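Source file: coords.pdb. Holds: PDB, C-alpha atoms.
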```pdb
ATOM      1  CA  MET A   1       0.329 -15.910 -30.334  1.00  0.00           C
ATOM      2  CA  PHE A   2      -3.293 -14.874 -29.805  1.00  0.00           C
ATOM      3  CA  SER A   3      -5.660 -14.397 -32.716  1.00  0.00           C
ATOM      4  CA  THR A   4      -8.216 -11.617 -32.501  1.00  0.00           C
ATOM      5  CA  VAL A   5     -11.970 -12.108 -32.986  1.00  0.00           C
ATOM      6  CA  LEU A   6     -12.064  -8.729 -34.698  1.00  0.00           C
ATOM      7  CA  THR A   7     -10.468  -9.833 -37.957  1.00  0.00           C
ATOM      8  CA  GLY A   8     -13.117  -8.262 -40.157  1.00  0.00           C
ATOM      9  CA  THR A   9     -16.292  -6.251 -39.843  1.00  0.00           C
ATOM     10  CA  LEU A  10     -17.469  -5.675 -36.311  1.00  0.00           C
ATOM     11  CA  THR A  11     -20.377  -8.026 -35.590  1.00  0.00           C
ATOM     12  CA  MET A  12     -22.778  -8.402 -32.701  1.00  0.00           C
ATOM     13  CA  THR A  13     -21.255 -11.794 -31.927  1.00  0.00           C
ATOM     14  CA  ALA A  14     -17.782 -10.288 -31.657  1.00  0.00           C
ATOM     15  CA  VAL A  15     -19.102  -7.456 -29.506  1.00  0.00           C
ATOM     16  CA  ALA A  16     -20.864  -9.905 -27.182  1.00  0.00           C
ATOM     17  CA  GLU A  17     -17.751 -12.088 -26.878  1.00  0.00           C
ATOM     18  CA  CYS A  18     -15.472  -9.178 -26.077  1.00  0.00           C
ATOM     19  CA  MET A  19     -17.818  -7.484 -23.612  1.00  0.00           C
ATOM     20  CA  GLY A  20     -18.632 -10.785 -21.945  1.00  0.00           C
ATOM     21  CA  ALA A  21     -14.940 -11.589 -21.561  1.00  0.00           C
ATOM     22  CA  ALA A  22     -14.295  -8.097 -20.159  1.00  0.00           C
ATOM     23  CA  LEU A  23     -17.069  -8.516 -17.591  1.00  0.00           C
ATOM     24  CA  VAL A  24     -15.803 -11.953 -16.541  1.00  0.00           C
ATOM     25  CA  CYS A  25     -12.241 -10.641 -16.146  1.00  0.00           C
ATOM     26  CA  GLY A  26     -13.467  -7.660 -14.125  1.00  0.00           C
ATOM     27  CA  LEU A  27     -15.575  -9.843 -11.839  1.00  0.00           C
ATOM     28  CA  ILE A  28     -12.691 -12.255 -11.214  1.00  0.00           C
ATOM     29  CA  VAL A  29     -10.337  -9.401 -10.306  1.00  0.00           C
ATOM     30  CA  SER A  30     -13.006  -7.796  -8.138  1.00  0.00           C
ATOM     31  CA  LEU A  31     -13.718 -11.009  -6.208  1.00  0.00           C
ATOM     32  CA  THR A  32     -10.013 -11.677  -5.765  1.00  0.00           C
ATOM     33  CA  TYR A  33      -9.439  -8.177  -4.427  1.00  0.00           C
ATOM     34  CA  ARG A  34     -12.324  -8.608  -1.975  1.00  0.00           C
ATOM     35  CA  LEU A  35     -10.681 -11.749  -0.598  1.00  0.00           C
ATOM     36  CA  CYS A  36      -7.365  -9.978  -0.038  1.00  0.00           C
ATOM     37  CA  GLU A  37      -8.362  -6.457   1.028  1.00  0.00           C
ATOM     38  CA  HIS A  38     -11.286  -4.628   2.646  1.00  0.00           C
ATOM     39  CA  PRO A  39     -12.559  -2.312  -0.107  1.00  0.00           C
ATOM     40  CA  THR A  40     -15.931  -0.591  -0.415  1.00  0.00           C
ATOM     41  CA  LYS A  41     -18.714  -1.984  -2.580  1.00  0.00           C
ATOM     42  CA  SER A  42     -18.467   0.964  -4.969  1.00  0.00           C
ATOM     43  CA  PHE A  43     -14.777   0.286  -5.548  1.00  0.00           C
ATOM     44  CA  LEU A  44     -15.457  -3.401  -6.247  1.00  0.00           C
ATOM     45  CA  MET A  45     -18.187  -2.416  -8.716  1.00  0.00           C
ATOM     46  CA  THR A  46     -15.693  -0.111 -10.416  1.00  0.00           C
ATOM     47  CA  LEU A  47     -13.196  -2.947 -10.804  1.00  0.00           C
ATOM     48  CA  ALA A  48     -15.877  -5.237 -12.210  1.00  0.00           C
ATOM     49  CA  LEU A  49     -17.322  -2.797 -14.766  1.00  0.00           C
ATOM     50  CA  MET A  50     -14.339  -0.713 -15.865  1.00  0.00           C
ATOM     51  CA  PRO A  51     -13.018  -3.367 -18.324  1.00  0.00           C
ATOM     52  CA  VAL A  52     -16.399  -3.291 -20.095  1.00  0.00           C
ATOM     53  CA  ILE A  53     -16.288   0.501 -20.449  1.00  0.00           C
ATOM     54  CA  VAL A  54     -12.728   0.465 -21.802  1.00  0.00           C
ATOM     55  CA  THR A  55     -13.689  -2.365 -24.165  1.00  0.00           C
ATOM     56  CA  ILE A  56     -16.552  -0.313 -25.613  1.00  0.00           C
ATOM     57  CA  VAL A  57     -14.283   2.692 -26.177  1.00  0.00           C
ATOM     58  CA  ILE A  58     -11.592   0.650 -27.899  1.00  0.00           C
ATOM     59  CA  MET A  59     -14.018  -1.352 -30.058  1.00  0.00           C
ATOM     60  CA  MET A  60     -15.618   1.797 -31.393  1.00  0.00           C
ATOM     61  CA  VAL A  61     -12.297   2.974 -32.880  1.00  0.00           C
ATOM     62  CA  ASN A  62     -10.694  -0.391 -33.686  1.00  0.00           C
ATOM     63  CA  GLY A  63      -8.839  -0.234 -37.006  1.00  0.00           C
ATOM     64  CA  ASN A  64      -9.056   3.556 -37.047  1.00  0.00           C
ATOM     65  CA  ILE A  65      -6.142   5.987 -36.814  1.00  0.00           C
ATOM     66  CA  GLY A  66      -7.819   7.483 -33.765  1.00  0.00           C
ATOM     67  CA  VAL A  67      -7.191   4.341 -31.728  1.00  0.00           C
ATOM     68  CA  GLY A  68      -4.039   5.862 -30.242  1.00  0.00           C
ATOM     69  CA  VAL A  69      -5.937   8.918 -29.091  1.00  0.00           C
ATOM     70  CA  ALA A  70      -8.713   6.722 -27.683  1.00  0.00           C
ATOM     71  CA  VAL A  71      -6.271   4.617 -25.658  1.00  0.00           C
ATOM     72  CA  ALA A  72      -4.662   7.688 -24.122  1.00  0.00           C
ATOM     73  CA  GLY A  73      -8.062   9.233 -23.528  1.00  0.00           C
ATOM     74  CA  SER A  74      -9.421   6.153 -21.776  1.00  0.00           C
ATOM     75  CA  PHE A  75      -6.628   6.356 -19.238  1.00  0.00           C
ATOM     76  CA  SER A  76      -7.207  10.064 -18.681  1.00  0.00           C
ATOM     77  CA  LEU A  77     -10.849   9.365 -17.817  1.00  0.00           C
ATOM     78  CA  VAL A  78      -9.800   7.817 -14.516  1.00  0.00           C
ATOM     79  CA  LYS A  79      -9.972  10.408 -11.754  1.00  0.00           C
ATOM     80  CA  PHE A  80      -8.450   9.073  -8.575  1.00  0.00           C
ATOM     81  CA  ARG A  81     -10.129   9.970  -5.311  1.00  0.00           C
ATOM     82  CA  SER A  82      -8.772  12.958  -3.413  1.00  0.00           C
ATOM     83  CA  LEU A  83      -8.555  10.813  -0.291  1.00  0.00           C
ATOM     84  CA  PRO A  84      -5.255   8.929   0.091  1.00  0.00           C
ATOM     85  CA  GLY A  85      -5.542   5.525  -1.515  1.00  0.00           C
ATOM     86  CA  LYS A  86      -3.572   2.347  -1.155  1.00  0.00           C
ATOM     87  CA  ALA A  87      -1.033   1.303  -3.749  1.00  0.00           C
ATOM     88  CA  SER A  88      -3.046  -1.890  -4.298  1.00  0.00           C
ATOM     89  CA  ASP A  89      -6.075   0.218  -5.324  1.00  0.00           C
ATOM     90  CA  ILE A  90      -4.082   1.940  -8.058  1.00  0.00           C
ATOM     91  CA  LEU A  91      -2.569  -1.389  -9.128  1.00  0.00           C
ATOM     92  CA  THR A  92      -5.940  -3.062  -9.645  1.00  0.00           C
ATOM     93  CA  ILE A  93      -7.414  -0.033 -11.434  1.00  0.00           C
ATOM     94  CA  PHE A  94      -4.623  -0.095 -13.998  1.00  0.00           C
ATOM     95  CA  LEU A  95      -4.977  -3.874 -14.279  1.00  0.00           C
ATOM     96  CA  VAL A  96      -8.684  -3.786 -15.157  1.00  0.00           C
ATOM     97  CA  MET A  97      -8.006  -0.985 -17.648  1.00  0.00           C
ATOM     98  CA  ALA A  98      -5.320  -3.118 -19.295  1.00  0.00           C
ATOM     99  CA  LEU A  99      -7.739  -6.047 -19.423  1.00  0.00           C
ATOM    100  CA  GLY A 100     -10.318  -3.778 -21.056  1.00  0.00           C
ATOM    101  CA  LEU A 101      -7.758  -2.804 -23.688  1.00  0.00           C
ATOM    102  CA  CYS A 102      -7.031  -6.473 -24.397  1.00  0.00           C
ATOM    103  CA  THR A 103     -10.656  -7.492 -24.765  1.00  0.00           C
ATOM    104  CA  GLY A 104     -11.466  -4.333 -26.725  1.00  0.00           C
ATOM    105  CA  MET A 105      -8.830  -5.300 -29.297  1.00  0.00           C
ATOM    106  CA  GLY A 106     -10.182  -8.852 -29.364  1.00  0.00           C
ATOM    107  CA  TYR A 107      -7.358 -10.573 -27.483  1.00  0.00           C
ATOM    108  CA  ILE A 108      -9.682 -12.515 -25.205  1.00  0.00           C
ATOM    109  CA  ALA A 109      -7.262 -15.367 -24.535  1.00  0.00           C
ATOM    110  CA  LEU A 110      -4.569 -12.913 -23.465  1.00  0.00           C
ATOM    111  CA  ALA A 111      -6.984 -11.096 -21.149  1.00  0.00           C
ATOM    112  CA  MET A 112      -8.143 -14.342 -19.537  1.00  0.00           C
ATOM    113  CA  ALA A 113      -4.591 -15.621 -19.084  1.00  0.00           C
ATOM    114  CA  ALA A 114      -3.462 -12.324 -17.565  1.00  0.00           C
ATOM    115  CA  THR A 115      -6.447 -12.294 -15.205  1.00  0.00           C
ATOM    116  CA  VAL A 116      -5.830 -15.813 -13.946  1.00  0.00           C
ATOM    117  CA  LEU A 117      -2.099 -15.236 -13.549  1.00  0.00           C
ATOM    118  CA  PHE A 118      -2.572 -11.949 -11.687  1.00  0.00           C
ATOM    119  CA  CYS A 119      -5.209 -13.330  -9.327  1.00  0.00           C
ATOM    120  CA  ILE A 120      -3.128 -16.387  -8.453  1.00  0.00           C
ATOM    121  CA  VAL A 121      -0.010 -14.314  -7.766  1.00  0.00           C
ATOM    122  CA  TYR A 122      -1.975 -11.669  -5.832  1.00  0.00           C
ATOM    123  CA  LEU A 123      -3.632 -14.297  -3.628  1.00  0.00           C
ATOM    124  CA  LEU A 124      -0.272 -15.969  -3.041  1.00  0.00           C
ATOM    125  CA  LEU A 125       1.389 -12.729  -1.975  1.00  0.00           C
ATOM    126  CA  ALA A 126      -1.554 -11.518   0.106  1.00  0.00           C
ATOM    127  CA  LYS A 127      -2.169 -14.749   2.007  1.00  0.00           C
ATOM    128  CA  THR A 128       1.444 -15.699   2.704  1.00  0.00           C
ATOM    129  CA  ASP A 129       4.398 -14.037   4.419  1.00  0.00           C
ATOM    130  CA  LEU A 130       6.492 -14.068   1.251  1.00  0.00           C
ATOM    131  CA  LEU A 131       6.786 -10.256   1.066  1.00  0.00           C
ATOM    132  CA  GLU A 132       5.999  -9.504   4.695  1.00  0.00           C
ATOM    133  CA  PRO A 133       8.153  -6.592   5.928  1.00  0.00           C
ATOM    134  CA  GLU A 134      10.633  -7.064   8.743  1.00  0.00           C
ATOM    135  CA  THR A 135       8.705  -6.597  12.000  1.00  0.00           C
ATOM    136  CA  SER A 136      11.651  -5.832  14.271  1.00  0.00           C
ATOM    137  CA  TYR A 137      12.267  -2.351  12.856  1.00  0.00           C
ATOM    138  CA  ARG A 138      10.575   0.638  14.466  1.00  0.00           C
ATOM    139  CA  SER A 139      10.467   4.406  14.181  1.00  0.00           C
ATOM    140  CA  LEU A 140      10.461   5.698  17.761  1.00  0.00           C
ATOM    141  CA  ARG A 141       9.454   9.243  18.681  1.00  0.00           C
ATOM    142  CA  ILE A 142      10.144  10.378  22.206  1.00  0.00           C
ATOM    143  CA  MET A 143       9.136  13.652  23.821  1.00  0.00           C
ATOM    144  CA  ILE A 144      11.494  14.975  26.497  1.00  0.00           C
ATOM    145  CA  PRO A 145      11.672  18.173  28.592  1.00  0.00           C
ATOM    146  CA  GLU A 146      14.131  20.810  27.419  1.00  0.00           C
ATOM    147  CA  ASP A 147      16.388  20.419  30.465  1.00  0.00           C
ATOM    148  CA  LEU A 148      17.009  16.695  29.837  1.00  0.00           C
ATOM    149  CA  ASP A 149      20.228  15.751  28.032  1.00  0.00           C
ATOM    150  CA  TYR A 150      18.970  13.208  25.516  1.00  0.00           C
ATOM    151  CA  THR A 151      22.376  12.261  24.072  1.00  0.00           C
ATOM    152  CA  GLU A 152      22.979   9.409  26.516  1.00  0.00           C
ATOM    153  CA  VAL A 153      19.915   9.202  28.730  1.00  0.00           C
ATOM    154  CA  PHE A 154      18.348   6.329  26.729  1.00  0.00           C
ATOM    155  CA  ASP A 155      21.552   4.448  25.839  1.00  0.00           C
ATOM    156  CA  GLU A 156      21.166   1.903  28.629  1.00  0.00           C
ATOM    157  CA  VAL A 157      17.620   1.026  27.562  1.00  0.00           C
ATOM    158  CA  PHE A 158      18.511   0.780  23.880  1.00  0.00           C
ATOM    159  CA  LYS A 159      21.514  -1.405  24.647  1.00  0.00           C
ATOM    160  CA  LYS A 160      19.275  -3.832  26.512  1.00  0.00           C
ATOM    161  CA  TYR A 161      16.351  -4.036  24.095  1.00  0.00           C
ATOM    162  CA  THR A 162      17.670  -3.148  20.630  1.00  0.00           C
ATOM    163  CA  ARG A 163      20.330  -4.286  18.181  1.00  0.00           C
ATOM    164  CA  SER A 164      20.734  -0.763  16.856  1.00  0.00           C
ATOM    165  CA  ALA A 165      19.341   2.702  17.625  1.00  0.00           C
ATOM    166  CA  LYS A 166      20.122   5.799  15.575  1.00  0.00           C
ATOM    167  CA  VAL A 167      18.889   9.359  15.987  1.00  0.00           C
ATOM    168  CA  GLN A 168      17.220  10.478  12.752  1.00  0.00           C
ATOM    169  CA  MET A 169      15.775  13.823  13.758  1.00  0.00           C
ATOM    170  CA  THR A 170      15.687  16.235  16.689  1.00  0.00           C
ATOM    171  CA  LYS A 171      13.344  19.206  16.894  1.00  0.00           C
ATOM    172  CA  THR A 172      11.864  21.550  19.465  1.00  0.00           C
ATOM    173  CA  VAL A 173       8.114  21.580  20.119  1.00  0.00           C
ATOM    174  CA  ASN A 174       5.666  23.482  22.321  1.00  0.00           C
ATOM    175  CA  LEU A 175       7.442  26.809  21.736  1.00  0.00           C
ATOM    176  CA  GLY A 176      10.812  25.313  22.578  1.00  0.00           C
ATOM    177  CA  THR A 177       9.804  23.933  25.976  1.00  0.00           C
ATOM    178  CA  MET A 178      10.292  20.334  24.842  1.00  0.00           C
ATOM    179  CA  TYR A 179      12.318  18.238  22.395  1.00  0.00           C
ATOM    180  CA  GLN A 180      11.048  15.540  20.072  1.00  0.00           C
ATOM    181  CA  ILE A 181      13.653  12.897  19.244  1.00  0.00           C
ATOM    182  CA  THR A 182      13.098  10.412  16.416  1.00  0.00           C
ATOM    183  CA  TYR A 183      15.048   7.136  16.457  1.00  0.00           C
ATOM    184  CA  ASP A 184      15.254   4.273  13.972  1.00  0.00           C
ATOM    185  CA  ILE A 185      15.645   1.110  16.034  1.00  0.00           C
ATOM    186  CA  GLU A 186      15.832  -2.641  15.535  1.00  0.00           C
ATOM    187  CA  LEU A 187      14.358  -4.632  18.397  1.00  0.00           C
ATOM    188  CA  LYS A 188      16.046  -7.739  19.751  1.00  0.00           C
ATOM    189  CA  ASP A 189      12.708  -9.212  20.825  1.00  0.00           C
ATOM    190  CA  THR A 190       9.426  -7.693  19.590  1.00  0.00           C
ATOM    191  CA  SER A 191       7.537  -9.206  22.539  1.00  0.00           C
ATOM    192  CA  LYS A 192       9.440  -6.878  24.883  1.00  0.00           C
ATOM    193  CA  GLU A 193       8.493  -3.657  23.104  1.00  0.00           C
ATOM    194  CA  LYS A 194       6.101  -2.585  25.891  1.00  0.00           C
ATOM    195  CA  GLU A 195       8.751  -3.312  28.508  1.00  0.00           C
ATOM    196  CA  MET A 196      11.192  -1.084  26.619  1.00  0.00           C
ATOM    197  CA  ILE A 197       8.660   1.737  26.330  1.00  0.00           C
ATOM    198  CA  ASP A 198       7.951   1.540  30.063  1.00  0.00           C
ATOM    199  CA  GLN A 199      11.668   1.957  30.744  1.00  0.00           C
ATOM    200  CA  LEU A 200      11.821   4.930  28.382  1.00  0.00           C
ATOM    201  CA  ARG A 201       8.838   6.546  30.113  1.00  0.00           C
ATOM    202  CA  ILE A 202      10.718   6.457  33.400  1.00  0.00           C
ATOM    203  CA  ARG A 203      13.533   8.462  31.854  1.00  0.00           C
ATOM    204  CA  ASN A 204      11.493  10.995  29.861  1.00  0.00           C
ATOM    205  CA  GLY A 205       9.146  11.938  32.670  1.00  0.00           C
ATOM    206  CA  ASN A 206       6.208   9.877  31.356  1.00  0.00           C
ATOM    207  CA  LEU A 207       5.782  12.142  28.330  1.00  0.00           C
ATOM    208  CA  ALA A 208       4.415  10.901  25.006  1.00  0.00           C
ATOM    209  CA  ILE A 209       6.174   8.092  23.087  1.00  0.00           C
ATOM    210  CA  ILE A 210       5.162   6.811  19.649  1.00  0.00           C
ATOM    211  CA  SER A 211       6.460   3.503  18.251  1.00  0.00           C
ATOM    212  CA  SER A 212       5.621   2.872  14.594  1.00  0.00           C
ATOM    213  CA  ARG A 213       6.598   0.316  11.966  1.00  0.00           C
ATOM    214  CA  ASN A 214       6.467   3.052   9.342  1.00  0.00           C
ATOM    215  CA  SER A 215       9.441   5.397   9.499  1.00  0.00           C
ATOM    216  CA  ASN A 216       7.514   7.955   7.425  1.00  0.00           C
ATOM    217  CA  VAL A 217       4.568   8.185   9.798  1.00  0.00           C
ATOM    218  CA  SER A 218       3.252  11.748   9.929  1.00  0.00           C
ATOM    219  CA  ALA A 219       1.562  11.635  13.310  1.00  0.00           C
ATOM    220  CA  GLU A 220       2.587  14.366  15.697  1.00  0.00           C
ATOM    221  CA  LEU A 221       3.207  13.875  19.380  1.00  0.00           C
TER
END
```
Full structure transcribed into structure tokens:
Amino acid sequence: MFSTVLTGTLTMTAVAECMGAALVCGLIVSLTYRLCEHPTKSFLMTLALMPVIVTIVIMMVNGNIGVGVAVAGSFSLVKFRSLPGKASDILTIFLVMALGLCTGMGYIALAMAATVLFCIVYLLLAKTDLLEPETSYRSLRIMIPEDLDYTEVFDEVFKKYTRSAKVQMTKTVNLGTMYQITYDIELKDTSKEKEMIDQLRIRNGNLAIISSRNSNVSAEL
């Protein structure tokens, strides 16, 4: 469906077209990502320039049996930061690498079409509530003294403020002097979350309570 500009001998015109297309694609993705997220300048520069680097690598081996090795090697060159990154960071890095592969092989039209399509869809998903997670679910961690029977002490509060409340984990903390109870709950009304927590504090002796939208949160009480 897409004809390549690299049909014969590699020329300066073909090189300029491919590298220019790679730079344009990278800049478009980078600007789109800046509109949707809050990345650092260095990360945006990486998104803008990585397609050009991949394009150079692929063009140097185009038509050679080593192209397969070069493609695999170009992916292995990416060393992700040791700090935890967002899934969207990894997504865009692989996108700009794929765009570099397209332009490096001469499929400029494909690279441009993929860039436009991705940016439109990404903006749509980022700026709308289409994939917004359900906000009524919470992971609730409650600290209680060891002499408090937690099995029914919070039932009245949960019945009033939640549609469901299930114990997911119970463990001892502070050398066994306290218990930490983790619940998965669904709130009836998110605007009354503080009111619910205040009622729970009355029953747990005003010890620490953590309410999180992420059930896998690693914070410790």
Rounded to one decimal in Å, what is the spacing between atom CA of Ile58 of chain A and atom CA of Phe118 of chain A?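 The value is 22.4 Å.
Distances to Ile142 of chain A were evaluated for A:Ser164, A:Ser88, A:Ser211, A:Thr115 using only C-alpha atoms, and the minimum falls at A:Ser211.
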Kindly indicate which residue among A:Leu148, A:Met19, A:Leu91, A:Met12 lies nearest to Tyr33 of chain A, using only C-alpha atoms for the distances.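 The shortest atom-to-atom distance to Tyr33 of chain A comes from A:Leu91.
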Nearest-residue call for Asn174 of chain A, choices A:Met143, A:Ile28, A:Ile197, A:Val153, using only C-alpha atoms: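 Counting only C-alpha atoms, the residue closest to Asn174 of chain A is A:Met143.
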Box for segment 147-151 of chain A: with edges along x, y and z, all listed atoms inside and 3 Å added on each side, what are the centre and edge lengths in Å to one decimal, as lines of an AutoDock Vina configuration file?
```
center_x = 19.4
center_y = 16.3
center_z = 27.3
size_x = 12.0
size_y = 14.2
size_z = 12.4
```
Might you pull out every residue within 12 Å of Ile108 of chain A, with only C-alpha atoms counted and same-chain residues fewer than 4 positions away left off, and present them as a PyMOL selection string? chain A and resi 1-6+14-25+51+55+98-104+112-115
Could you check the closest approach to Lys171 of chain A for each of A:Leu187, A:Met196, A:Met97, A:Ile144 and tell me which residue wins, using all atoms listed in the file?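 Looking at the shortest contact to Lys171 of chain A, the residue is A:Ile144.
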Would you pick out the contacts of segment 154-162 of chain A at 12 Å or less, using all atoms listed in the file, so that residues sharing its chain but fewer than 4 positions from it are not included, and give the list as a PDB file with C-alpha atoms, in the frame of the given file?
```pdb
ATOM      1  CA  SER A 136      11.651  -5.832  14.271  1.00  0.00           C
ATOM      2  CA  TYR A 137      12.267  -2.351  12.856  1.00  0.00           C
ATOM      3  CA  ARG A 138      10.575   0.638  14.466  1.00  0.00           C
ATOM      4  CA  LEU A 140      10.461   5.698  17.761  1.00  0.00           C
ATOM      5  CA  ILE A 142      10.144  10.378  22.206  1.00  0.00           C
ATOM      6  CA  ILE A 144      11.494  14.975  26.497  1.00  0.00           C
ATOM      7  CA  LEU A 148      17.009  16.695  29.837  1.00  0.00           C
ATOM      8  CA  ASP A 149      20.228  15.751  28.032  1.00  0.00           C
ATOM      9  CA  TYR A 150      18.970  13.208  25.516  1.00  0.00           C
ATOM     10  CA  LYS A 166      20.122   5.799  15.575  1.00  0.00           C
ATOM     11  CA  VAL A 167      18.889   9.359  15.987  1.00  0.00           C
ATOM     12  CA  ILE A 181      13.653  12.897  19.244  1.00  0.00           C
ATOM     13  CA  TYR A 183      15.048   7.136  16.457  1.00  0.00           C
ATOM     14  CA  ASP A 184      15.254   4.273  13.972  1.00  0.00           C
ATOM     15  CA  ILE A 185      15.645   1.110  16.034  1.00  0.00           C
ATOM     16  CA  GLU A 186      15.832  -2.641  15.535  1.00  0.00           C
ATOM     17  CA  LEU A 187      14.358  -4.632  18.397  1.00  0.00           C
ATOM     18  CA  LYS A 188      16.046  -7.739  19.751  1.00  0.00           C
ATOM     19  CA  ASP A 189      12.708  -9.212  20.825  1.00  0.00           C
ATOM     20  CA  THR A 190       9.426  -7.693  19.590  1.00  0.00           C
ATOM     21  CA  SER A 191       7.537  -9.206  22.539  1.00  0.00           C
ATOM     22  CA  LYS A 192       9.440  -6.878  24.883  1.00  0.00           C
ATOM     23  CA  GLU A 193       8.493  -3.657  23.104  1.00  0.00           C
ATOM     24  CA  LYS A 194       6.101  -2.585  25.891  1.00  0.00           C
ATOM     25  CA  GLU A 195       8.751  -3.312  28.508  1.00  0.00           C
ATOM     26  CA  MET A 196      11.192  -1.084  26.619  1.00  0.00           C
ATOM     27  CA  ILE A 197       8.660   1.737  26.330  1.00  0.00           C
ATOM     28  CA  ASP A 198       7.951   1.540  30.063  1.00  0.00           C
ATOM     29  CA  GLN A 199      11.668   1.957  30.744  1.00  0.00           C
ATOM     30  CA  LEU A 200      11.821   4.930  28.382  1.00  0.00           C
ATOM     31  CA  ARG A 201       8.838   6.546  30.113  1.00  0.00           C
ATOM     32  CA  ILE A 202      10.718   6.457  33.400  1.00  0.00           C
ATOM     33  CA  ARG A 203      13.533   8.462  31.854  1.00  0.00           C
ATOM     34  CA  ASN A 204      11.493  10.995  29.861  1.00  0.00           C
TER      35      ASN A 204
END
```
Under the rule that only C-alpha atoms are counted, which of A:Arg213, A:Val57, A:Lys86, A:Pro145 is the nearest residue to Pro39 of chain A? A:Lys86
For atom CA of Gly106 of chain A and atom CA of Ile93 of chain A, the interatomic separation in Å (one decimal):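 Between these atoms lies a distance of 20.2 Å.
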Selection result for the PyMOL selection byres ((chain A and resi 47) around 10) on this file, as a compact mmCIF listing (two decimals) with C-alpha atoms, in the frame of the given file:
```
# COMPACT_ATOMS: atom_id res chain seq x y z
CA LEU A 23 -17.07 -8.52 -17.59
CA CYS A 25 -12.24 -10.64 -16.15
CA GLY A 26 -13.47 -7.66 -14.12
CA LEU A 27 -15.58 -9.84 -11.84
CA ILE A 28 -12.69 -12.26 -11.21
CA VAL A 29 -10.34 -9.40 -10.31
CA SER A 30 -13.01 -7.80 -8.14
CA LEU A 31 -13.72 -11.01 -6.21
CA TYR A 33 -9.44 -8.18 -4.43
CA LYS A 41 -18.71 -1.98 -2.58
CA SER A 42 -18.47 0.96 -4.97
CA PHE A 43 -14.78 0.29 -5.55
CA LEU A 44 -15.46 -3.40 -6.25
CA MET A 45 -18.19 -2.42 -8.72
CA THR A 46 -15.69 -0.11 -10.42
CA ALA A 48 -15.88 -5.24 -12.21
CA LEU A 49 -17.32 -2.80 -14.77
CA MET A 50 -14.34 -0.71 -15.86
CA PRO A 51 -13.02 -3.37 -18.32
CA VAL A 52 -16.40 -3.29 -20.10
CA ASP A 89 -6.08 0.22 -5.32
CA THR A 92 -5.94 -3.06 -9.64
CA ILE A 93 -7.41 -0.03 -11.43
CA PHE A 94 -4.62 -0.10 -14.00
CA LEU A 95 -4.98 -3.87 -14.28
CA VAL A 96 -8.68 -3.79 -15.16
CA MET A 97 -8.01 -0.98 -17.65
```
Protein and nucleic acid residues near (4.9, 9.9, 23.8) (cut-off 8 Å, all atoms listed in the file) as a PDB file with C-alpha atoms, in the coordinates of the input:
```pdb
ATOM      1  CA  ARG A 141       9.454   9.243  18.681  1.00  0.00           C
ATOM      2  CA  ILE A 142      10.144  10.378  22.206  1.00  0.00           C
ATOM      3  CA  MET A 143       9.136  13.652  23.821  1.00  0.00           C
ATOM      4  CA  ASN A 206       6.208   9.877  31.356  1.00  0.00           C
ATOM      5  CA  LEU A 207       5.782  12.142  28.330  1.00  0.00           C
ATOM      6  CA  ALA A 208       4.415  10.901  25.006  1.00  0.00           C
ATOM      7  CA  ILE A 209       6.174   8.092  23.087  1.00  0.00           C
ATOM      8  CA  ILE A 210       5.162   6.811  19.649  1.00  0.00           C
ATOM      9  CA  LEU A 221       3.207  13.875  19.380  1.00  0.00           C
TER      10      LEU A 221
END
```
Care to translate the PyMOL selection byres ((chain A and resi 178) around 6) into actual residues of this file, as a ChimeraX atom specification? /A:144-146,172-173,176-177,179
Quick one, how far is atom CA of Met169 of chain A from atom CA of Thr182 of chain A?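 Taking atom CA of Met169 of chain A and atom CA of Thr182 of chain A, their separation equals 5.1 Å.
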Can you translate the PyMOL selection byres ((chain A and resi 36) around 10) into the concrete residues it hits in this file, as a VMD selection string? chain A and resid 31 to 35 37 to 39 122 to 127
